[in-house]
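J.: Here you go, structure_16.csv (CSV, C-alpha atoms and all ligand atoms):
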chain,number,residue,atom,x,y,z
A,21,MET,CA,8.7,-26.6,23.9
A,22,GLU,CA,5.2,-25.5,23.0
A,23,THR,CA,3.2,-27.7,20.7
A,24,PRO,CA,3.1,-25.9,17.3
A,25,PHE,CA,-0.4,-24.9,16.2
A,26,ALA,CA,-1.6,-27.0,13.3
A,27,ALA,CA,-0.3,-25.5,10.1
A,28,ALA,CA,-1.8,-28.0,7.7
A,29,PRO,CA,-5.0,-26.8,6.2
A,30,ALA,CA,-6.8,-30.0,7.0
A,31,ALA,CA,-5.8,-29.8,10.7
A,32,ASN,CA,-7.0,-26.3,11.5
A,33,ALA,CA,-10.3,-24.4,11.5
A,34,LEU,CA,-9.4,-21.4,9.4
A,35,MET,CA,-11.5,-20.9,6.3
A,36,TRP,CA,-9.3,-21.8,3.3
A,37,ILE,CA,-8.7,-18.7,1.1
A,38,THR,CA,-5.2,-19.3,-0.2
A,39,GLN,CA,-2.3,-21.7,-0.2
A,40,ARG,CA,-0.1,-20.9,2.8
A,41,PRO,CA,3.3,-22.5,3.6
A,42,GLN,CA,3.2,-24.9,6.5
A,43,LEU,CA,4.9,-22.7,9.1
A,44,VAL,CA,3.7,-20.6,11.9
A,45,PHE,CA,5.3,-17.3,12.7
A,46,ALA,CA,5.9,-16.5,16.4
A,47,GLU,CA,7.9,-13.4,16.8
A,48,GLY,CA,9.3,-10.4,14.9
A,49,ARG,CA,12.0,-7.8,15.5
A,50,GLY,CA,13.0,-5.2,13.0
A,51,SER,CA,13.6,-6.8,9.6
A,52,TRP,CA,13.5,-10.3,11.1
A,53,LEU,CA,10.7,-12.8,11.7
A,54,VAL,CA,11.1,-16.1,13.7
A,55,ASP,CA,8.9,-19.2,13.2
A,56,GLN,CA,7.8,-21.7,15.9
A,57,GLN,CA,10.8,-23.9,15.1
A,58,GLY,CA,13.1,-21.0,15.9
A,59,LYS,CA,14.2,-20.4,12.2
A,60,ARG,CA,14.9,-16.8,11.4
A,61,TYR,CA,13.7,-15.0,8.2
A,62,LEU,CA,14.9,-11.7,6.7
A,63,ASP,CA,11.6,-10.1,5.9
A,64,PHE,CA,11.3,-8.1,2.7
A,65,VAL,CA,7.5,-8.4,2.7
A,66,GLN,CA,6.7,-6.8,6.1
A,67,GLY,CA,3.1,-7.7,6.3
A,68,TRP,CA,2.6,-6.6,2.7
A,69,ALA,CA,4.4,-3.2,2.9
A,70,VAL,CA,2.5,-2.6,6.2
A,71,ASN,CA,5.1,-2.6,8.9
A,72,CYS,CA,6.9,0.6,7.8
A,73,LEU,CA,8.9,0.6,11.0
A,74,GLY,CA,9.6,-3.1,11.0
A,75,HIS,CA,8.5,-5.7,13.6
A,76,GLY,CA,8.2,-4.7,17.2
A,77,HIS,CA,9.3,-1.0,16.9
A,78,PRO,CA,9.4,0.4,20.4
A,79,ALA,CA,7.4,3.5,19.4
A,80,ILE,CA,4.5,1.3,18.3
A,81,VAL,CA,4.7,-1.2,21.2
A,82,GLU,CA,4.9,1.5,23.8
A,83,THR,CA,2.1,3.5,22.3
A,84,LEU,CA,-0.2,0.5,22.0
A,85,ALA,CA,0.4,-0.4,25.7
A,86,SER,CA,0.0,3.0,27.1
A,87,GLN,CA,-3.1,3.9,25.0
A,88,ALA,CA,-4.7,0.6,25.7
A,89,GLY,CA,-4.3,1.4,29.4
A,90,LYS,CA,-5.9,4.8,28.9
A,91,LEU,CA,-8.8,4.5,26.4
A,92,ILE,CA,-9.5,2.0,23.7
A,93,ASN,CA,-12.8,3.0,22.2
A,94,PRO,CA,-15.2,5.7,23.4
A,95,SER,CA,-17.4,5.2,20.3
A,96,PRO,CA,-17.0,7.0,17.0
A,97,ALA,CA,-19.9,9.3,18.0
A,98,PHE,CA,-17.4,11.2,20.3
A,99,TYR,CA,-14.1,13.0,19.7
A,100,ASN,CA,-10.9,11.5,21.1
A,101,GLU,CA,-7.5,13.1,21.4
A,102,PRO,CA,-5.4,10.7,19.2
A,103,SER,CA,-7.7,10.9,16.2
A,104,LEU,CA,-7.8,14.8,16.4
A,105,LYS,CA,-4.0,14.8,16.7
A,106,LEU,CA,-3.4,12.4,13.8
A,107,ALA,CA,-5.8,14.3,11.5
A,108,ALA,CA,-4.1,17.6,12.3
A,109,GLY,CA,-0.7,16.0,11.6
A,110,LEU,CA,-1.7,14.5,8.3
A,111,ALA,CA,-3.3,17.8,7.2
A,112,ALA,CA,-0.2,19.7,8.3
A,113,HIS,CA,2.1,17.4,6.2
A,114,SER,CA,-0.1,17.2,3.1
A,115,CYS,CA,-2.2,19.4,0.8
A,116,PHE,CA,-5.4,18.1,2.3
A,117,ASP,CA,-7.7,19.7,4.9
A,118,ARG,CA,-9.8,16.9,6.3
A,119,VAL,CA,-9.4,13.3,7.3
A,120,PHE,CA,-11.8,10.4,7.8
A,121,PHE,CA,-10.2,7.3,9.5
A,122,ALA,CA,-11.1,3.7,8.8
A,123,SER,CA,-9.5,0.3,9.4
A,124,THR,CA,-8.5,-1.0,5.9
A,125,GLY,CA,-7.4,0.4,2.6
A,126,ALA,CA,-10.5,-1.0,0.8
A,127,GLU,CA,-12.7,0.9,3.3
A,128,ALA,CA,-10.8,4.1,2.8
A,129,ASN,CA,-11.2,3.7,-1.0
A,130,GLU,CA,-14.9,2.9,-0.6
A,131,GLY,CA,-15.1,6.2,1.3
A,132,ALA,CA,-13.3,8.0,-1.5
A,133,ILE,CA,-15.7,6.6,-4.1
A,134,LYS,CA,-18.7,7.6,-2.0
A,135,LEU,CA,-17.3,11.1,-1.5
A,136,ALA,CA,-16.7,11.5,-5.2
A,137,ARG,CA,-20.2,10.3,-6.1
A,138,LYS,CA,-21.7,12.5,-3.4
A,139,TRP,CA,-19.8,15.5,-4.9
A,140,GLY,CA,-21.0,14.5,-8.3
A,141,GLN,CA,-24.6,14.5,-7.1
A,142,LYS,CA,-24.3,17.9,-5.4
A,143,HIS,CA,-22.1,19.7,-7.9
A,144,LYS,CA,-22.0,17.9,-11.2
A,145,GLY,CA,-25.5,16.9,-12.1
A,146,GLY,CA,-25.3,13.4,-10.9
A,147,ALA,CA,-22.0,12.5,-12.6
A,148,HIS,CA,-20.8,9.3,-11.0
A,149,GLU,CA,-18.3,7.5,-13.2
A,150,ILE,CA,-14.8,7.2,-11.9
A,151,ILE,CA,-12.2,6.4,-14.5
A,152,THR,CA,-9.7,3.8,-13.1
A,153,PHE,CA,-6.9,1.8,-14.7
A,154,ALA,CA,-6.1,-1.6,-16.1
A,155,GLY,CA,-3.7,-3.3,-13.7
A,156,GLY,CA,-4.9,-1.1,-10.8
A,157,PHE,CA,-5.7,-2.5,-7.3
A,158,HIS,CA,-8.0,-0.8,-4.9
A,159,GLY,CA,-9.2,-3.5,-2.5
A,160,ARG,CA,-11.4,-6.5,-2.1
A,161,THR,CA,-14.9,-5.1,-1.3
A,162,LEU,CA,-17.3,-5.2,-4.3
A,163,ALA,CA,-16.9,-1.6,-5.2
A,164,THR,CA,-13.1,-1.6,-4.9
A,165,MET,CA,-12.8,-4.8,-6.8
A,166,SER,CA,-14.9,-3.2,-9.5
A,167,ALA,CA,-12.6,-0.2,-9.4
A,168,SER,CA,-9.6,-2.5,-9.7
A,169,GLY,CA,-8.3,-3.5,-13.1
A,170,LYS,CA,-7.1,-6.9,-12.1
A,171,PRO,CA,-7.6,-9.5,-14.9
A,172,GLY,CA,-10.5,-11.8,-14.1
A,173,TRP,CA,-12.0,-9.6,-11.4
A,174,ASP,CA,-14.6,-8.2,-13.8
A,175,THR,CA,-16.5,-11.6,-13.7
A,176,LEU,CA,-15.5,-12.8,-10.3
A,177,PHE,CA,-18.5,-12.2,-7.9
A,178,ALA,CA,-20.5,-10.7,-10.8
A,179,PRO,CA,-22.3,-8.5,-11.2
A,180,GLN,CA,-19.8,-5.8,-10.6
A,181,VAL,CA,-20.6,-2.4,-9.1
A,182,PRO,CA,-21.0,-0.3,-12.3
A,183,GLY,CA,-19.3,3.0,-13.0
A,184,PHE,CA,-15.6,2.3,-13.3
A,185,PRO,CA,-14.5,2.5,-16.9
A,186,LYS,CA,-10.8,1.4,-17.3
A,187,ALA,CA,-8.1,3.4,-19.0
A,188,GLN,CA,-4.5,2.5,-19.7
A,189,LEU,CA,-1.8,3.8,-17.3
A,190,ASN,CA,0.5,6.4,-18.8
A,191,ASP,CA,-1.8,6.8,-21.9
A,192,LEU,CA,-3.6,10.1,-21.7
A,193,ASP,CA,-5.6,9.5,-24.9
A,194,SER,CA,-7.2,6.4,-23.3
A,195,VAL,CA,-8.3,8.5,-20.4
A,196,ALA,CA,-9.6,11.4,-22.5
A,197,ALA,CA,-11.6,8.9,-24.6
A,198,LEU,CA,-13.6,7.8,-21.5
A,199,ILE,CA,-14.5,11.2,-20.2
A,200,SER,CA,-18.2,12.1,-20.6
A,201,GLU,CA,-20.9,14.1,-18.7
A,202,ARG,CA,-21.2,11.0,-16.5
A,203,THR,CA,-17.5,11.3,-15.3
A,204,VAL,CA,-16.9,12.6,-11.8
A,205,ALA,CA,-13.3,11.6,-11.1
A,206,ILE,CA,-10.1,9.8,-12.1
A,207,MET,CA,-8.6,7.4,-9.6
A,208,LEU,CA,-5.2,5.8,-9.6
A,209,GLU,CA,-2.2,4.5,-7.7
A,210,PRO,CA,0.9,6.7,-8.2
A,211,ILE,CA,2.7,3.3,-8.5
A,212,GLN,CA,0.6,0.3,-9.2
A,213,GLY,CA,1.8,-2.0,-6.4
A,214,GLU,CA,-0.1,-5.3,-6.8
A,215,GLY,CA,0.0,-4.8,-10.5
A,216,GLY,CA,3.8,-5.3,-10.4
A,217,VAL,CA,5.3,-2.0,-9.2
A,218,VAL,CA,4.4,0.0,-12.4
A,219,PRO,CA,4.9,3.7,-11.9
A,220,ALA,CA,2.6,6.3,-13.3
A,221,ARG,CA,5.0,8.7,-15.1
A,222,VAL,CA,5.5,12.2,-13.5
A,223,GLU,CA,4.2,13.9,-16.7
A,224,PHE,CA,1.2,11.6,-16.8
A,225,LEU,CA,0.2,12.5,-13.2
A,226,GLN,CA,0.7,16.2,-14.1
A,227,LEU,CA,-1.4,15.8,-17.3
A,228,LEU,CA,-4.1,14.1,-15.3
A,229,ARG,CA,-4.2,17.0,-12.9
A,230,GLN,CA,-4.5,19.3,-15.9
A,231,ILE,CA,-7.3,17.3,-17.5
A,232,CYS,CA,-9.2,17.2,-14.2
A,233,ASP,CA,-8.9,21.0,-13.8
A,234,ASP,CA,-10.0,21.5,-17.4
A,235,ARG,CA,-13.0,19.2,-17.2
A,236,GLY,CA,-14.0,19.8,-13.6
A,237,LEU,CA,-13.1,16.3,-12.4
A,238,LEU,CA,-11.7,15.1,-9.1
A,239,LEU,CA,-8.3,13.5,-9.0
A,240,ILE,CA,-8.1,10.7,-6.5
A,241,VAL,CA,-4.8,9.0,-5.6
A,242,ASP,CA,-4.8,5.7,-3.9
A,243,GLU,CA,-1.7,5.9,-1.8
A,244,VAL,CA,-2.5,2.9,0.4
A,245,GLN,CA,0.8,1.2,-0.7
A,246,THR,CA,2.8,4.2,-1.9
A,247,GLY,CA,2.0,6.6,1.0
A,248,MET,CA,3.6,7.1,4.4
A,249,GLY,CA,7.2,7.4,3.2
A,250,ARG,CA,7.4,4.2,1.1
A,251,THR,CA,8.8,6.0,-1.9
A,252,GLY,CA,11.1,8.4,-0.1
A,253,LYS,CA,8.6,11.3,0.2
A,254,LEU,CA,5.8,11.2,2.6
A,255,PHE,CA,3.3,10.8,-0.3
A,256,ALA,CA,4.2,9.5,-3.8
A,257,HIS,CA,2.2,12.2,-5.6
A,258,GLN,CA,4.6,14.8,-4.2
A,259,HIS,CA,7.3,13.5,-6.6
A,260,ALA,CA,5.1,15.0,-9.4
A,261,GLY,CA,4.5,18.2,-7.6
A,262,ILE,CA,0.7,17.9,-7.9
A,263,GLU,CA,-2.2,18.3,-5.5
A,264,PRO,CA,-4.9,15.7,-5.8
A,265,ASP,CA,-8.4,16.4,-4.5
A,266,ILE,CA,-8.7,13.1,-2.6
A,267,MET,CA,-6.1,10.7,-1.2
A,268,THR,CA,-6.4,7.4,0.6
A,269,LEU,CA,-3.8,5.9,3.0
A,270,GLY,CA,-3.6,2.4,4.5
A,271,LYS,CA,-0.9,-0.1,5.1
A,272,GLY,CA,2.1,2.0,6.5
A,273,ILE,CA,-0.1,4.5,8.3
A,274,GLY,CA,-0.7,2.0,11.1
A,275,GLY,CA,2.8,0.5,11.1
A,276,GLY,CA,1.1,-3.0,11.3
A,277,VAL,CA,-2.2,-2.2,13.1
A,278,PRO,CA,-5.5,-1.8,11.2
A,279,LEU,CA,-5.7,1.9,10.3
A,280,SER,CA,-6.5,3.7,7.1
A,281,ALA,CA,-7.5,7.2,6.1
A,282,LEU,CA,-9.4,9.2,3.5
A,283,LEU,CA,-8.1,12.7,3.0
A,284,ALA,CA,-9.7,15.5,1.0
A,285,LYS,CA,-9.6,19.1,0.2
A,286,GLU,CA,-12.1,21.2,2.0
A,287,SER,CA,-13.9,22.0,-1.3
A,288,VAL,CA,-14.7,18.3,-1.8
A,289,CYS,CA,-15.9,17.5,1.7
A,290,CYS,CA,-19.7,17.2,1.3
A,291,PHE,CA,-20.8,14.2,3.4
A,292,GLU,CA,-24.0,14.9,5.3
A,293,ALA,CA,-24.8,13.4,8.7
A,294,GLY,CA,-25.2,9.7,8.3
A,295,ASP,CA,-23.5,9.4,4.9
A,296,GLN,CA,-20.3,7.9,6.2
A,297,GLY,CA,-19.2,6.2,9.4
A,298,GLY,CA,-18.0,2.8,10.8
A,299,THR,CA,-17.8,1.3,14.3
A,300,TYR,CA,-14.0,1.6,14.5
A,301,ASN,CA,-13.4,4.8,12.6
A,302,GLY,CA,-10.9,7.0,14.4
A,303,ASN,CA,-10.6,4.8,17.4
A,304,PRO,CA,-7.9,6.1,19.8
A,305,LEU,CA,-6.0,2.8,20.0
A,306,MET,CA,-5.1,2.7,16.3
A,307,THR,CA,-4.9,6.5,15.7
A,308,ALA,CA,-2.5,6.8,18.6
A,309,VAL,CA,-0.2,4.4,16.8
A,310,GLY,CA,-0.7,6.5,13.6
A,311,VAL,CA,0.5,9.5,15.5
A,312,ALA,CA,3.6,7.6,16.7
A,313,VAL,CA,4.3,6.4,13.1
A,314,LEU,CA,3.9,9.9,11.6
A,315,GLU,CA,6.3,11.3,14.2
A,316,VAL,CA,9.0,8.8,13.3
A,317,LEU,CA,8.5,9.3,9.5
A,318,THR,CA,8.6,13.1,9.8
A,319,ALA,CA,11.6,13.3,12.1
A,320,PRO,CA,14.5,15.2,10.4
A,321,GLY,CA,16.4,13.1,7.9
A,322,PHE,CA,14.2,10.0,8.1
A,323,LEU,CA,12.7,10.3,4.6
A,324,ASP,CA,16.0,11.3,3.1
A,325,GLU,CA,17.4,8.1,4.5
A,326,VAL,CA,14.5,6.1,3.0
A,327,ALA,CA,15.3,7.6,-0.4
A,328,ALA,CA,19.0,6.9,0.0
A,329,LYS,CA,18.4,3.3,1.0
A,330,GLY,CA,15.9,3.0,-1.9
A,331,GLU,CA,18.7,4.1,-4.3
A,332,HIS,CA,21.0,1.6,-2.7
A,333,LEU,CA,18.5,-1.2,-3.1
A,334,GLY,CA,17.7,-0.1,-6.7
A,335,ALA,CA,21.4,0.0,-7.7
A,336,GLY,CA,22.0,-3.4,-6.1
A,337,LEU,CA,19.0,-4.9,-8.0
A,338,GLN,CA,20.2,-3.3,-11.3
A,339,ARG,CA,23.8,-4.8,-10.8
A,340,LEU,CA,22.2,-8.2,-10.1
A,341,SER,CA,20.1,-7.8,-13.3
A,342,ASP,CA,23.2,-6.9,-15.3
A,343,ARG,CA,25.2,-9.8,-14.0
A,344,LEU,CA,22.5,-12.4,-14.5
A,345,GLY,CA,21.0,-11.1,-17.8
A,346,LEU,CA,17.6,-10.2,-16.2
A,347,ARG,CA,15.2,-7.4,-17.3
A,348,GLY,CA,16.2,-4.6,-14.9
A,349,GLU,CA,14.5,-3.1,-11.9
A,350,ARG,CA,11.9,-0.4,-11.3
A,351,GLY,CA,10.1,1.4,-8.5
A,352,GLN,CA,10.9,4.2,-6.2
A,353,GLY,CA,12.2,4.4,-2.6
A,354,LEU,CA,11.7,1.2,-0.8
A,355,LEU,CA,9.0,-0.1,-3.2
A,356,ARG,CA,10.9,-1.9,-5.9
A,357,ALA,CA,10.7,-4.8,-8.4
A,358,LEU,CA,13.3,-6.9,-10.1
A,359,LEU,CA,12.1,-8.1,-13.6
A,360,LEU,CA,13.1,-11.7,-14.3
A,361,ALA,CA,13.8,-13.1,-17.7
A,362,ASP,CA,11.2,-15.9,-17.1
A,363,GLU,CA,8.3,-16.8,-14.8
A,364,ARG,CA,10.4,-18.1,-12.0
A,365,GLY,CA,9.0,-15.6,-9.4
A,366,PRO,CA,6.8,-18.0,-7.3
A,367,ALA,CA,9.6,-20.7,-7.3
A,368,ILE,CA,12.2,-18.1,-6.2
A,369,VAL,CA,9.8,-16.9,-3.4
A,370,GLU,CA,9.5,-20.5,-2.2
A,371,ALA,CA,13.2,-21.4,-2.4
A,372,ALA,CA,14.0,-18.1,-0.6
A,373,ARG,CA,11.7,-18.9,2.3
A,374,GLU,CA,13.0,-22.5,2.5
A,375,ARG,CA,16.7,-21.7,2.3
A,376,GLY,CA,18.7,-22.5,5.5
A,377,PRO,CA,19.7,-21.9,8.1
A,378,GLU,CA,18.0,-18.5,7.6
A,379,GLY,CA,15.1,-17.9,5.3
A,380,LEU,CA,14.3,-14.8,3.1
A,381,LEU,CA,10.7,-13.5,2.6
A,382,LEU,CA,10.0,-12.1,-0.8
A,383,ASN,CA,6.9,-11.6,-2.9
A,384,ALA,CA,6.0,-12.2,-6.6
A,385,PRO,CA,2.9,-10.2,-7.4
A,386,ARG,CA,3.4,-11.4,-11.0
A,387,PRO,CA,5.3,-14.5,-12.0
A,388,HIS,CA,7.9,-12.6,-14.0
A,389,LEU,CA,8.9,-10.3,-11.2
A,390,LEU,CA,9.9,-10.0,-7.5
A,391,ARG,CA,8.7,-7.2,-5.3
A,392,PHE,CA,10.7,-5.7,-2.4
A,393,MET,CA,8.9,-3.8,0.3
A,394,PRO,CA,11.1,-3.9,3.4
A,395,SER,CA,10.7,-1.9,6.5
A,396,LEU,CA,11.6,1.8,6.0
A,397,THR,CA,14.1,1.2,8.9
A,398,VAL,CA,15.9,-1.6,7.0
A,399,SER,CA,19.7,-1.3,7.2
A,400,ARG,CA,22.1,-1.2,4.2
A,401,GLU,CA,23.6,-4.4,5.7
A,402,GLU,CA,20.2,-6.1,5.5
A,403,ILE,CA,19.7,-4.9,2.0
A,404,ASP,CA,23.1,-6.3,1.0
A,405,GLN,CA,22.4,-9.6,2.8
A,406,MET,CA,19.1,-9.9,0.9
A,407,LEU,CA,20.9,-9.2,-2.4
A,408,ALA,CA,23.6,-11.8,-1.7
A,409,TRP,CA,21.0,-14.5,-0.9
A,410,LEU,CA,18.9,-13.5,-3.9
A,411,GLU,CA,21.9,-13.8,-6.2
A,412,GLU,CA,22.6,-17.4,-4.9
A,413,LEU,CA,18.9,-18.3,-5.4
A,414,LEU,CA,18.8,-16.9,-8.9
A,415,ARG,CA,22.0,-18.7,-9.9
A,416,ALA,CA,20.8,-22.0,-8.5
B,1,LIG,C1,-3.4,-3.1,-0.2
B,1,LIG,C2,-4.0,-2.1,-1.1
B,1,LIG,C3,-5.4,-1.8,-0.9
B,1,LIG,C4,-6.3,-2.6,0.0
B,1,LIG,O1,-6.0,-2.4,1.3
B,1,LIG,P1,-6.6,-3.4,2.4
B,1,LIG,O2,-6.1,-2.9,3.7
B,1,LIG,O3,-6.1,-4.8,2.1
B,1,LIG,O4,-8.1,-3.3,2.3
B,1,LIG,C5,-5.9,-0.8,-1.7
B,1,LIG,N1,-5.1,-0.1,-2.6
B,1,LIG,C6,-3.8,-0.3,-2.7
B,1,LIG,C7,-3.0,0.5,-3.7
B,1,LIG,C8,-3.2,-1.4,-2.0
B,1,LIG,O5,-1.9,-1.6,-2.2
What's the structure tokens form of this structure?
T.:
Amino acid sequence: METPFAAAPAANALMWITQRPQLVFAEGRGSWLVDQQGKRYLDFVQGWAVNCLGHGHPAIVETLASQAGKLINPSPAFYNEPSLKLAAGLAAHSCFDRVFFASTGAEANEGAIKLARKWGQKHKGGAHEIITFAGGFHGRTLATMSASGKPGWDTLFAPQVPGFPKAQLNDLDSVAALISERTVAIMLEPIQGEGGVVPARVEFLQLLRQICDDRGLLLIVDEVQTGMGRTGKLFAHQHAGIEPDIMTLGKGIGGGVPLSALLAKESVCCFEAGDQGGTYNGNPLMTAVGVAVLEVLTAPGFLDEVAAKGEHLGAGLQRLSDRLGLRGERGQGLLRALLLADERGPAIVEAARERGPEGLLLNAPRPHLLRFMPSLTVSREEIDQMLAWLEELLRA
């Protein structure tokens, strides 16, 4: 047997950034991960809602191999076929006209912020403030941390990037109160993911669209977590029947590889040469994977099946909550949370991972809830298996 890599923080050279369990993952297939000791784990985290087609999906594996053999990076200064194809596909399946590719969600959101500020300079007398929301999450760069409404992040790495006043989700008055001649846009997640799977109500999204139209503001949706089929439609804002001006995608768009996108309506696109770029933007290796992912997601019936499995998961979580006296479930499609009656979330996550002979990978973005973000290809049997194990763990 191979010698396991050193998993103890003191015995390896990785910079310490967070507490990690002392195990090393070696392989993955579908909804299952295998560690170096050969233990199997049912994976309801999927690289943080990233592996929308699960581990090792043949469409992704084959695309990576064949594109790697053809062309990896001609430089972002030249066109390449996969990026043209993916941009055309995303435009065809959305209300947006143009796409800029990047590697991470934070980078796509930085691009959205820059585009809105540029538009404000050109068309709105230098208006630059972007109203964002308490509990929101937009990434870990300085500007996206400043746009986020995560408690404590206003002083972490101070000073913040200015220009992101915070409103309360689902409270239109709190938004209206912040609008001034400095305001250029409103930016939110259709469902706050890291904040604990907190949905923006359909009427709230519709009213935001209205207020943006009335006041000449841009509506920016951060669909890094909710986009690419996660909620049972290709994009979560489609549930509200609205058309935002700008959208960002990440996570699922690459099915596990680093790919993100900034999409905008033609009327908003105002970058001038040199305003925006990035070494890896639109590289064919990653955008080819994006094309493969988009093809799977838009195949007939795929998203209906995601929605149906989401209902199945939601109903199962609700039954569990009823039986155990918990606080219910929320979310949409295959992005769901179970609300606990206490702050046992992190302890349940640990016990689930350590259970034997097979483990279960869950996530608790807040101590009083568990989040479920399985592969969009997860089976009903795997959902039922997870629910059965979870019930055992919650009863223990
Ligand atoms: C994960 C996430 C981001 C950040 O994406 P990275 O790829 O980690 O930079 C931004 N917005 C939302 C809504 C996210 O869930």
J.: Could you pull the residues within 8 Å of Ala122 of chain A, counting all atoms listed in the file, minus those fewer than 6 positions along the same chain, as an NGL selection string?
T.: :A and (128 or 279-282 or 298 or 300-302)
J.: What gap, in Å, lies between atom CA of Glu149 of chain A and atom CA of Ile206 of chain A?
T.: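 One can read the atom CA of Glu149 of chain A to atom CA of Ile206 of chain A distance as 8.6 Å.
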J.: Could you check which of A:Gly172, A:Pro210, A:Gly294, A:Gly252 is closest to Leu189 of chain A, using only C-alpha atoms?
T.: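 Checking each candidate against Leu189 of chain A, we get A:Pro210 as the closest.
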J.: With all atoms listed in the file as the atoms that count, which of A:Glu101, A:Glu223, A:Asp242, A:Asp265 lies nearest to ligand LIG 1 (chain B)?
T.: A:Asp242
J.: For segment 356-365 of chain A, list every protein, DNA or RNA residue within 7 Å, evaluated using all atoms listed in the file, and leave out those in the same chain fewer than 4 positions away; present the list as a list in words.
T.: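 My list of contacting residues is Val217, Leu337, Leu346, Arg347, Gly348, Glu349, Arg350, Gly351, Gln352, Val369, Ala384, Pro387, His388, Leu389, Leu390, Arg391, Phe392 and Met393 of chain A.
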J.: Store the residues picked out above in a file with C-alpha atoms, as a PDB file, keeping the file's coordinate frame.
T.:
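Just written: out.pdb:
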ATOM      1  CA  VAL A 217       5.300  -2.000  -9.200  1.00  0.00           C
ATOM      2  CA  LEU A 337      19.000  -4.900  -8.000  1.00  0.00           C
ATOM      3  CA  LEU A 346      17.600 -10.200 -16.200  1.00  0.00           C
ATOM      4  CA  ARG A 347      15.200  -7.400 -17.300  1.00  0.00           C
ATOM      5  CA  GLY A 348      16.200  -4.600 -14.900  1.00  0.00           C
ATOM      6  CA  GLU A 349      14.500  -3.100 -11.900  1.00  0.00           C
ATOM      7  CA  ARG A 350      11.900  -0.400 -11.300  1.00  0.00           C
ATOM      8  CA  GLY A 351      10.100   1.400  -8.500  1.00  0.00           C
ATOM      9  CA  GLN A 352      10.900   4.200  -6.200  1.00  0.00           C
ATOM     10  CA  VAL A 369       9.800 -16.900  -3.400  1.00  0.00           C
ATOM     11  CA  ALA A 384       6.000 -12.200  -6.600  1.00  0.00           C
ATOM     12  CA  PRO A 387       5.300 -14.500 -12.000  1.00  0.00           C
ATOM     13  CA  HIS A 388       7.900 -12.600 -14.000  1.00  0.00           C
ATOM     14  CA  LEU A 389       8.900 -10.300 -11.200  1.00  0.00           C
ATOM     15  CA  LEU A 390       9.900 -10.000  -7.500  1.00  0.00           C
ATOM     16  CA  ARG A 391       8.700  -7.200  -5.300  1.00  0.00           C
ATOM     17  CA  PHE A 392      10.700  -5.700  -2.400  1.00  0.00           C
ATOM     18  CA  MET A 393       8.900  -3.800   0.300  1.00  0.00           C
TER      19      MET A 393
END
J.: Could you give me the residues within 9 Å of ligand LIG 1 (chain B), counting only C-alpha atoms and all ligand atoms, as a PyMOL selection string?
T.: chain A and resi 68-70+123-129+156-161+164+168+208-214+241-246+268-271+278-280
J.: I'd like to know which of A:Phe120, A:Pro264, A:His77, A:His259 is closest to Arg229 of chain A, using all atoms listed in the file.
T.: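 Looking only at the distances to Arg229 of chain A, the closest residue turns out to be A:Pro264.
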J.: Would you mind telling me which residue in A:Gly236, A:Val326, A:Leu135, A:Cys115 lies nearest to Gly261 of chain A when using all atoms listed in the file?
T.: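 Checking each candidate against Gly261 of chain A, we get A:Cys115 as the closest.
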J.: Can you work out which one of A:Ala408, A:Ala371, A:Leu340, A:Leu382 has the shortest atom-to-atom distance to Phe64 of chain A, counting only C-alpha atoms?
T.: A:Leu382
J.: Name all residues at most 7 Å from segment 409-416 of chain A (count all atoms listed in the file; drop same-chain ones fewer than 3 positions away) and give them as a PyMOL selection string.
T.: chain A and resi 340+368+372+405-406
J.: Between atom CA of Leu314 of chain A and atom CA of Met165 of chain A, what is the distance in Å, rounded to a tenth?
T.: 28.9 Å
J.: Nearest residue to Leu73 of chain A out of A:Gly131, A:Pro96, A:Pro171, A:Pro394, using all atoms listed in the file?
T.: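 Smallest distance to Leu73 of chain A is found for A:Pro394.
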J.: Do you have the atom CA of Leu162 of chain A-atom CA of Lys134 of chain A distance handy?
T.: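 Atom CA of Leu162 of chain A sits 13.1 Å away from atom CA of Lys134 of chain A.
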